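Novice: Just so it is clear, I am handing over protein_20.txt, which has compact mmCIF, C-alpha atoms.
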# COMPACT_ATOMS: atom_id res chain seq x y z
CA MET A 1 113.99 109.91 77.11
CA ILE A 2 114.60 110.69 80.79
CA PRO A 3 111.70 109.33 82.90
CA PRO A 4 109.75 111.81 85.03
CA PRO A 5 110.80 112.06 88.67
CA GLY A 6 109.05 109.49 90.79
CA LEU A 7 109.29 108.16 94.30
CA THR A 8 111.15 105.63 96.40
CA ALA A 9 109.28 103.52 98.98
CA THR A 10 110.96 101.55 101.76
CA CYS A 11 109.20 99.22 104.18
CA TRP A 12 110.53 99.45 107.73
CA GLY A 13 107.77 97.32 109.26
CA THR A 14 105.68 94.70 107.45
CA ARG A 15 104.06 92.65 110.23
CA GLY A 16 100.55 92.98 111.62
CA SER A 17 99.03 92.98 115.12
CA ILE A 18 102.19 92.51 117.20
CA PRO A 19 105.94 92.44 116.56
CA ALA A 20 107.22 88.96 115.70
CA PRO A 21 111.03 88.94 115.85
CA GLY A 22 112.97 85.72 115.46
CA PRO A 23 114.54 83.32 112.97
CA ASP A 24 111.23 82.55 111.23
CA THR A 25 110.63 86.21 110.26
CA VAL A 26 114.15 87.49 109.67
CA ARG A 27 113.91 87.73 105.85
CA TYR A 28 110.62 89.60 105.48
CA GLY A 29 110.63 91.30 108.86
CA GLY A 30 109.01 91.19 112.28
CA ASN A 31 108.34 94.90 112.91
CA THR A 32 104.83 96.35 112.73
CA PRO A 33 103.77 98.77 109.97
CA CYS A 34 105.89 101.65 108.77
CA LEU A 35 106.43 102.72 105.16
CA GLU A 36 108.78 105.54 104.18
CA VAL A 37 108.33 107.36 100.88
CA GLN A 38 110.91 109.79 99.53
CA ALA A 39 109.72 112.06 96.75
CA GLN A 40 110.73 115.47 95.43
CA GLY A 41 113.48 115.64 98.05
CA ARG A 42 110.99 115.25 100.89
CA ARG A 43 110.09 112.45 103.29
CA TYR A 44 106.61 111.00 103.86
CA ILE A 45 106.07 108.29 106.49
CA PHE A 46 103.01 106.06 106.69
CA ASP A 47 102.23 104.58 110.11
CA ALA A 48 104.35 104.48 113.24
CA GLY A 49 104.51 100.83 114.20
CA THR A 50 107.72 99.42 115.64
CA GLY A 51 109.26 99.80 112.19
CA ILE A 52 109.54 103.55 112.72
CA ARG A 53 112.25 102.91 115.28
CA ALA A 54 114.32 101.15 112.62
CA LEU A 55 113.74 104.11 110.31
CA SER A 56 114.68 106.52 113.09
CA ARG A 57 117.94 104.70 113.69
CA ALA A 58 118.71 104.65 109.97
CA LEU A 59 118.23 108.43 109.91
CA GLN A 60 120.51 108.87 112.96
CA PRO A 61 118.38 110.00 115.92
CA GLU A 62 120.81 112.76 116.81
CA GLU A 63 120.07 114.48 113.50
CA PRO A 64 116.89 116.56 112.95
CA VAL A 65 114.40 115.63 110.24
CA GLU A 66 111.52 117.20 108.37
CA ALA A 67 108.72 114.78 107.54
CA GLU A 68 105.03 114.24 107.04
CA LEU A 69 103.70 111.31 109.10
CA PHE A 70 100.36 109.81 108.02
CA LEU A 71 98.66 107.44 110.48
CA THR A 72 96.01 105.11 109.08
CA HIS A 73 94.48 104.61 112.54
CA PHE A 74 95.53 104.15 116.15
CA HIS A 75 95.52 100.42 116.85
CA TRP A 76 98.60 99.40 118.81
CA ASP A 77 100.54 97.93 115.90
CA HIS A 78 100.32 101.20 113.93
CA VAL A 79 101.38 103.62 116.68
CA GLN A 80 103.41 101.63 119.21
CA GLY A 81 106.68 102.86 117.70
CA PHE A 82 105.70 106.54 117.74
CA PRO A 83 107.23 107.39 121.15
CA PHE A 84 110.47 105.66 120.09
CA CYS A 85 111.11 107.83 117.04
CA GLY A 86 114.29 109.62 118.13
CA GLN A 87 113.77 112.64 115.88
CA LEU A 88 110.72 113.61 117.95
CA TYR A 89 113.11 114.53 120.76
CA HIS A 90 115.29 116.81 118.62
CA ALA A 91 114.35 120.49 118.86
CA ASP A 92 115.22 121.14 115.21
CA SER A 93 113.00 118.40 113.81
CA ARG A 94 109.76 119.39 112.12
CA ILE A 95 107.15 116.65 111.86
CA ARG A 96 103.53 117.05 110.82
CA VAL A 97 101.32 114.17 112.00
CA HIS A 98 98.15 113.44 110.02
CA GLY A 99 95.49 111.02 111.26
CA PRO A 100 91.75 110.34 111.22
CA PRO A 101 89.71 111.61 114.20
CA GLN A 102 88.15 108.88 116.33
CA ASP A 103 84.58 109.57 117.46
CA GLY A 104 85.25 113.29 117.35
CA VAL A 105 88.60 113.06 119.12
CA GLY A 106 91.46 114.54 117.08
CA VAL A 107 94.84 113.01 116.39
CA ALA A 108 96.68 115.10 119.01
CA SER A 109 94.33 113.99 121.78
CA VAL A 110 94.44 110.33 120.75
CA LEU A 111 98.25 110.30 120.76
CA ALA A 112 98.30 112.13 124.09
CA GLY A 113 96.13 109.33 125.43
CA ILE A 114 98.47 106.54 124.36
CA MET A 115 101.38 108.46 125.91
CA ALA A 116 99.53 109.03 129.19
CA PRO A 117 101.44 107.94 132.35
CA ALA A 118 99.50 104.69 132.60
CA TYR A 119 100.96 103.56 129.26
CA PHE A 120 104.21 105.47 128.72
CA PRO A 121 106.59 107.45 130.96
CA VAL A 122 107.12 110.42 128.61
CA PRO A 123 104.05 112.59 127.83
CA LEU A 124 103.28 113.97 124.39
CA ASP A 125 103.94 117.54 125.49
CA ALA A 126 107.53 116.60 126.38
CA LEU A 127 108.44 116.08 122.71
CA ALA A 128 111.12 118.59 121.78
CA ALA A 129 110.47 118.63 118.04
CA GLY A 130 108.17 121.07 116.33
CA VAL A 131 105.17 118.77 115.92
CA GLU A 132 101.98 119.81 114.17
CA PHE A 133 98.80 117.72 114.15
CA VAL A 134 96.35 117.53 111.27
CA ASP A 135 92.98 115.77 111.38
CA VAL A 136 92.45 113.90 108.12
CA ASP A 137 89.30 114.46 106.07
CA THR A 138 88.28 113.56 102.53
CA ALA A 139 89.94 116.56 100.87
CA PRO A 140 93.31 115.84 99.24
CA TRP A 141 96.32 117.26 101.07
CA THR A 142 99.29 118.71 99.20
CA ASP A 143 102.54 120.47 99.99
CA GLY A 144 102.89 121.59 96.39
CA ALA A 145 105.20 118.72 95.44
CA VAL A 146 103.15 115.71 96.49
CA GLU A 147 99.42 115.07 96.82
CA VAL A 148 98.02 112.62 99.38
CA ASP A 149 94.36 111.69 99.59
CA ALA A 150 92.66 109.44 102.10
CA LEU A 151 89.90 106.87 101.76
CA ARG A 152 88.01 105.24 104.61
CA VAL A 153 88.43 101.47 104.44
CA CYS A 154 86.85 98.41 106.07
CA HIS A 155 88.49 98.12 109.47
CA PRO A 156 87.18 98.85 113.00
CA GLY A 157 87.21 102.53 113.91
CA PHE A 158 87.90 105.34 111.45
CA THR A 159 90.71 103.75 109.42
CA CYS A 160 92.20 105.27 106.26
CA GLY A 161 94.15 104.14 103.29
CA TYR A 162 96.35 106.75 101.63
CA ARG A 163 97.20 107.39 97.99
CA LEU A 164 100.30 109.45 97.19
CA ARG A 165 100.94 111.00 93.78
CA THR A 166 103.95 112.89 92.52
CA GLY A 167 105.94 113.38 89.35
CA GLY A 168 103.78 110.96 87.39
CA ALA A 169 104.18 108.12 89.92
CA SER A 170 101.62 106.89 92.43
CA LEU A 171 101.37 104.60 95.42
CA ALA A 172 98.43 103.42 97.51
CA TYR A 173 98.99 102.23 101.08
CA VAL A 174 96.16 100.17 102.60
CA PRO A 175 97.55 98.04 105.45
CA ASP A 176 94.26 97.13 107.16
CA ASN A 177 91.25 96.42 104.96
CA GLU A 178 88.71 93.60 105.07
CA LEU A 179 87.47 93.75 101.49
CA ARG A 180 84.73 91.14 101.92
CA GLU A 181 83.03 93.43 104.44
CA ALA A 182 82.65 96.10 101.75
CA ASP A 183 79.35 96.37 99.92
CA ALA A 184 79.29 96.77 96.14
CA ALA A 185 79.39 100.58 96.28
CA GLN A 186 82.28 100.62 98.76
CA TYR A 187 84.27 98.14 96.71
CA ARG A 188 83.69 100.14 93.53
CA GLN A 189 84.88 103.28 95.32
CA MET A 190 88.08 101.48 96.39
CA VAL A 191 88.71 100.30 92.84
CA GLU A 192 88.25 103.81 91.45
CA TRP A 193 90.43 105.34 94.18
CA ALA A 194 93.33 102.93 93.53
CA ALA A 195 92.90 102.90 89.75
CA GLY A 196 96.17 102.67 87.86
CA VAL A 197 98.55 103.04 90.79
CA ASP A 198 102.12 101.99 90.16
CA LEU A 199 102.26 100.25 93.55
CA LEU A 200 99.48 99.00 95.82
CA VAL A 201 100.64 98.06 99.33
CA HIS A 202 97.75 96.07 100.76
CA ASP A 203 96.61 93.98 103.70
CA ALA A 204 97.31 90.28 103.03
CA MET A 205 97.16 88.98 106.58
CA TRP A 206 95.42 85.67 105.91
CA ARG A 207 95.75 82.86 103.42
CA ASP A 208 92.54 82.32 101.51
CA ASP A 209 91.90 79.04 103.35
CA GLU A 210 92.33 80.77 106.75
CA TYR A 211 90.10 83.77 106.21
CA ALA A 212 86.77 82.23 107.29
CA ARG A 213 88.11 81.69 110.83
CA TYR A 214 88.87 85.39 111.20
CA ARG A 215 86.06 87.03 109.29
CA GLY A 216 85.02 90.28 110.92
CA TRP A 217 88.42 90.91 112.49
CA GLY A 218 89.20 93.69 110.01
CA HIS A 219 91.73 91.97 107.75
CA GLY A 220 91.61 90.35 104.35
CA SER A 221 93.18 87.50 102.45
CA VAL A 222 95.92 87.32 99.87
CA GLY A 223 93.38 86.51 97.16
CA ASP A 224 91.29 89.56 98.07
CA ALA A 225 94.33 91.82 97.71
CA VAL A 226 95.11 90.33 94.30
CA ARG A 227 91.52 90.82 93.15
CA LEU A 228 91.52 94.50 94.16
CA ALA A 229 94.88 95.09 92.47
CA GLU A 230 93.68 93.51 89.22
CA ASP A 231 90.32 95.27 89.29
CA ALA A 232 92.06 98.60 89.89
CA GLY A 233 94.64 98.01 87.19
CA ALA A 234 97.54 98.41 89.62
CA ARG A 235 100.91 97.69 88.08
CA ARG A 236 102.40 96.06 91.15
CA LEU A 237 101.04 94.62 94.40
CA LEU A 238 103.07 94.43 97.59
CA LEU A 239 101.61 91.95 100.09
CA PHE A 240 101.72 93.51 103.57
CA HIS A 241 100.62 93.25 107.22
CA TYR A 242 101.55 89.59 107.62
CA ALA A 243 100.03 87.61 110.47
CA PRO A 244 102.53 87.50 113.36
CA GLU A 245 102.78 83.71 113.09
CA ARG A 246 103.43 83.76 109.32
CA ARG A 247 106.86 82.26 108.67
CA ASP A 248 109.15 83.38 105.87
CA ASP A 249 108.97 80.00 104.16
CA GLU A 250 105.17 80.19 104.20
CA LEU A 251 105.33 83.56 102.50
CA ASP A 252 107.61 82.10 99.84
CA ASP A 253 104.99 79.42 99.14
CA ILE A 254 102.12 81.93 99.12
CA VAL A 255 103.85 84.24 96.67
CA SER A 256 104.83 81.35 94.39
CA GLU A 257 101.24 80.13 94.31
CA VAL A 258 99.91 83.61 93.52
CA ARG A 259 102.41 84.08 90.72
CA ARG A 260 101.50 80.72 89.18
CA GLY A 261 97.84 81.68 89.16
CA LEU A 262 98.55 85.06 87.57
CA ALA A 263 100.71 83.45 84.87
CA GLU A 264 98.05 80.86 84.08
CA ARG A 265 95.45 83.52 83.38
CA GLY A 266 97.85 85.85 81.61
CA SER A 267 97.64 88.66 84.17
CA ALA A 268 100.19 91.48 83.89
CA LEU A 269 100.07 92.17 87.63
CA ARG A 270 103.37 91.83 89.47
CA VAL A 271 103.11 90.53 93.05
CA ASP A 272 105.89 90.67 95.64
CA PRO A 273 106.12 90.23 99.40
CA ALA A 274 106.93 93.37 101.38
CA CYS A 275 110.40 93.07 102.86
CA GLU A 276 111.91 95.25 105.56
CA GLY A 277 114.70 97.53 104.41
CA VAL A 278 114.13 97.01 100.68
CA ALA A 279 113.67 100.20 98.66
CA ILE A 280 111.39 100.27 95.61
CA SER A 281 111.83 103.08 93.07
CA LEU A 282 108.87 104.02 90.88
CA CYS A 283 108.35 106.19 87.85
CA ARG A 284 105.25 106.40 85.65
CA GLY A 285 105.04 103.28 83.52
CA ASP A 286 107.12 101.05 85.78
CA ALA A 287 105.96 97.42 85.76
Mind turning the file's structure into structure tokens?

Specialist:
Amino acid sequence: MIPPPGLTATCWGTRGSIPAPGPDTVRYGGNTPCLEVQAQGRRYIFDAGTGIRALSRALQPEEPVEAELFLTHFHWDHVQGFPFCGQLYHADSRIRVHGPPQDGVGVASVLAGIMAPAYFPVPLDALAAGVEFVDVDTAPWTDGAVEVDALRVCHPGFTCGYRLRTGGASLAYVPDNELREADAAQYRQMVEWAAGVDLLVHDAMWRDDEYARYRGWGHGSVGDAVRLAEDAGARRLLLFHYAPERRDDELDDIVSEVRRGLAERGSALRVDPACEGVAISLCRGDA
């Protein structure tokens, strides 16, 4: 039987807070968050950290593109690559930017603020592409081929996670989420929202033994991400938003420890570290 059409997800930025290039991060990546999803012949981009520049270069900046860009929020590490996306300066590009309003200020105004002269030499209104701005709410968005719905998560400001569904495959992207700050009702809502996804990409900034030092900073631990994935019945968990100081060899040790624990309790969950440039293809029923 031919499997139903699914999706392909590629991480272009996996790091949190600030870019961390260098020999200690070369295998898993030093760029800040950007996830590209290709589905039904269309392109969906989640966050515009410095990783979006790598994506832009892979797409050839001189060529136009049509894409949906979903921003989880507007902290530096999630938008600092936005002005460096070459396709924004191509008149034939068509990019729709979705994002959550901040204290009543819509996505267009927030982005105009970060591209104000005090912060960046090129203003938002100088972009040559056809750019449309959409303020995210709780209603699912669809283009007829793909459905994306947002959920507010535990992170300062109005911060969203996004779930994408198409062709029988599903993915949830939650890069910033401090699960231990959620009350019982909020946690239950997150579990129901992510239930049964083929891939959960989730905040795993801290080791479990580090978390107490950073409680209240808006990020969770590896163990918290694993717990949510298991409670939601996700098929696969991709650890994401690594601390800038997290070395590749540390991530190897963390993932090995998590896998040992899952094997010991007979869990079917698959856990992998997010890695820049690696594409993951999903169809319904993939493990």

Novice: Atom CA of Phe82 of chain A and atom CA of Ile52 of chain A, how far apart in Å?

Specialist: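 Result for atom CA of Ile52 of chain A versus atom CA of Phe82 of chain A: 7.0 Å, one decimal.
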
Novice: Build an axis-aligned box that encloses every atom of segment 91-107 of chain A listed in the file, pad it by 3 Å on each side, and report its centre and edge lengths in Å to one decimal, as JSON.

Specialist:
{"center_x": 99.9, "center_y": 115.0, "center_z": 114.6, "size_x": 36.6, "size_y": 18.3, "size_z": 15.1}

Novice: Per residue of segment 10-71 of chain A within 6 Å of segment 87-107 of chain A, which atom pair is closest and at what distance in Å (one decimal), using all atoms listed in the file, listed by chain and increasing number, as a tab-separated table?

Specialist:
residue	atom	partner	partner_atom	distance
A:Pro61	CA	A:Gln87	CA	5.3
A:Pro64	CA	A:Ser93	CA	4.4
A:Val65	CA	A:Ser93	CA	4.7
A:Glu66	CA	A:Arg94	CA	4.7
A:Ala67	CA	A:Ile95	CA	5.0
A:Glu68	CA	A:Arg96	CA	4.9
A:Leu69	CA	A:Val97	CA	4.7
A:Phe70	CA	A:His98	CA	4.7
A:Leu71	CA	A:Gly99	CA	4.8

Novice: Considering all atoms listed in the file, return as a PyMOL selection string whatever protein or nucleic-acid residues lie within 12 Å of Tyr119 of chain A, sequence-local ones (same chain, fewer than 5 positions apart) excluded.

Specialist: chain A and resi 76+80+83+111-114+124

Novice: Using C-alpha atoms, can you write the selected residues to a file as a PDB file, in the coordinates of the input?

Specialist:
ATOM      1  CA  TRP A  76      98.600  99.400 118.810  1.00  0.00           C
ATOM      2  CA  GLN A  80     103.410 101.630 119.210  1.00  0.00           C
ATOM      3  CA  PRO A  83     107.230 107.390 121.150  1.00  0.00           C
ATOM      4  CA  LEU A 111      98.250 110.300 120.760  1.00  0.00           C
ATOM      5  CA  ALA A 112      98.300 112.130 124.090  1.00  0.00           C
ATOM      6  CA  GLY A 113      96.130 109.330 125.430  1.00  0.00           C
ATOM      7  CA  ILE A 114      98.470 106.540 124.360  1.00  0.00           C
ATOM      8  CA  LEU A 124     103.280 113.970 124.390  1.00  0.00           C
TER       9      LEU A 124
END

Novice: How far is it from atom CA of Asp176 of chain A to atom CA of Ala232 of chain A, in Å with one decimal?

Specialist: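 Taking atom CA of Asp176 of chain A and atom CA of Ala232 of chain A, their separation equals 17.5 Å.
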
Novice: Within 12 Å of (90.1, 115.0, 105.8) (coordinates as in the file), grab all the protein and nucleic acid residues, counting all atoms listed in the file, and write them out as a PDB file with C-alpha atoms, in the coordinates of the input.

Specialist:
ATOM      1  CA  PHE A  70     100.360 109.810 108.020  1.00  0.00           C
ATOM      2  CA  THR A  72      96.010 105.110 109.080  1.00  0.00           C
ATOM      3  CA  HIS A  98      98.150 113.440 110.020  1.00  0.00           C
ATOM      4  CA  GLY A  99      95.490 111.020 111.260  1.00  0.00           C
ATOM      5  CA  PRO A 100      91.750 110.340 111.220  1.00  0.00           C
ATOM      6  CA  PRO A 101      89.710 111.610 114.200  1.00  0.00           C
ATOM      7  CA  GLY A 106      91.460 114.540 117.080  1.00  0.00           C
ATOM      8  CA  VAL A 107      94.840 113.010 116.390  1.00  0.00           C
ATOM      9  CA  VAL A 134      96.350 117.530 111.270  1.00  0.00           C
ATOM     10  CA  ASP A 135      92.980 115.770 111.380  1.00  0.00           C
ATOM     11  CA  VAL A 136      92.450 113.900 108.120  1.00  0.00           C
ATOM     12  CA  ASP A 137      89.300 114.460 106.070  1.00  0.00           C
ATOM     13  CA  THR A 138      88.280 113.560 102.530  1.00  0.00           C
ATOM     14  CA  ALA A 139      89.940 116.560 100.870  1.00  0.00           C
ATOM     15  CA  PRO A 140      93.310 115.840  99.240  1.00  0.00           C
ATOM     16  CA  TRP A 141      96.320 117.260 101.070  1.00  0.00           C
ATOM     17  CA  THR A 142      99.290 118.710  99.200  1.00  0.00           C
ATOM     18  CA  VAL A 148      98.020 112.620  99.380  1.00  0.00           C
ATOM     19  CA  ASP A 149      94.360 111.690  99.590  1.00  0.00           C
ATOM     20  CA  ALA A 150      92.660 109.440 102.100  1.00  0.00           C
ATOM     21  CA  LEU A 151      89.900 106.870 101.760  1.00  0.00           C
ATOM     22  CA  ARG A 152      88.010 105.240 104.610  1.00  0.00           C
ATOM     23  CA  PHE A 158      87.900 105.340 111.450  1.00  0.00           C
ATOM     24  CA  THR A 159      90.710 103.750 109.420  1.00  0.00           C
ATOM     25  CA  CYS A 160      92.200 105.270 106.260  1.00  0.00           C
ATOM     26  CA  GLY A 161      94.150 104.140 103.290  1.00  0.00           C
ATOM     27  CA  TYR A 162      96.350 106.750 101.630  1.00  0.00           C
TER      28      TYR A 162
END

Novice: For the atom pair atom CA of Phe46 of chain A and atom CA of Leu238 of chain A, what is the interatomic distance in Å to one decimal place?

Specialist: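 A separation of 14.8 Å between them.
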
Novice: I need the residue nearest Tyr187 of chain A from this list: A:Ser170, A:Ala126, A:Asp209, A:Ala229. Use all atoms listed in the file for the distance.

Specialist: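 So, comparing all the options, the nearest one is A:Ala229.
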
Novice: Select, from A:Pro33, A:Pro19, A:Gly86, A:Pro273, the residue with the minimum atom-to-atom distance to Arg259 of chain A, counting all atoms listed in the file.

Specialist: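 Of A:Pro33, A:Pro19, A:Gly86, A:Pro273, the one nearest Arg259 of chain A, counting all atoms listed in the file, is A:Pro273.
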
Novice: Go through A:Ile45, A:Ala108, A:Val153, A:Ala279 one by one, measure the shortest atom-to-atom distance of each to Glu132 of chain A using all atoms listed in the file, and give the residue with the smallest value.

Specialist: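 That would be A:Ala108, the residue with the smallest distance to Glu132 of chain A.
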
Novice: Using all atoms listed in the file, give me every residue within 6 Å of (113.5, 104.9, 99.8) in file coordinates, as a CSV table (one decimal) with C-alpha atoms, in the coordinates of the input.

Specialist:
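Output contents, as saved in selection36.csv:
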chain,number,residue,atom,x,y,z
A,8,THR,CA,111.2,105.6,96.4
A,9,ALA,CA,109.3,103.5,99.0
A,10,THR,CA,111.0,101.6,101.8
A,37,VAL,CA,108.3,107.4,100.9
A,38,GLN,CA,110.9,109.8,99.5
A,279,ALA,CA,113.7,100.2,98.7

Novice: Looking at all atoms listed in the file, which of A:Leu7, A:Cys154, A:Ala263, A:Leu164 is the one that sits closest to Met190 of chain A?

Specialist: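 Closest to Met190 of chain A of all the choices is A:Cys154.
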
Novice: Using all atoms listed in the file, can you tell me which of A:Arg180, A:Arg188, A:Arg260, A:His219 comes closest to His155 of chain A?

Specialist: A:His219

Novice: Pick from A:Tyr44, A:Tyr214, A:Tyr242, A:Trp206: nearest to Tyr28 of chain A, with only C-alpha atoms counted?

Specialist: A:Tyr242

Novice: Which residues come within 7 Å of Gly30 of chain A, counting all atoms listed in the file, excluding same-chain residues fewer than 4 positions away, as a count of residues only?

Specialist: 8
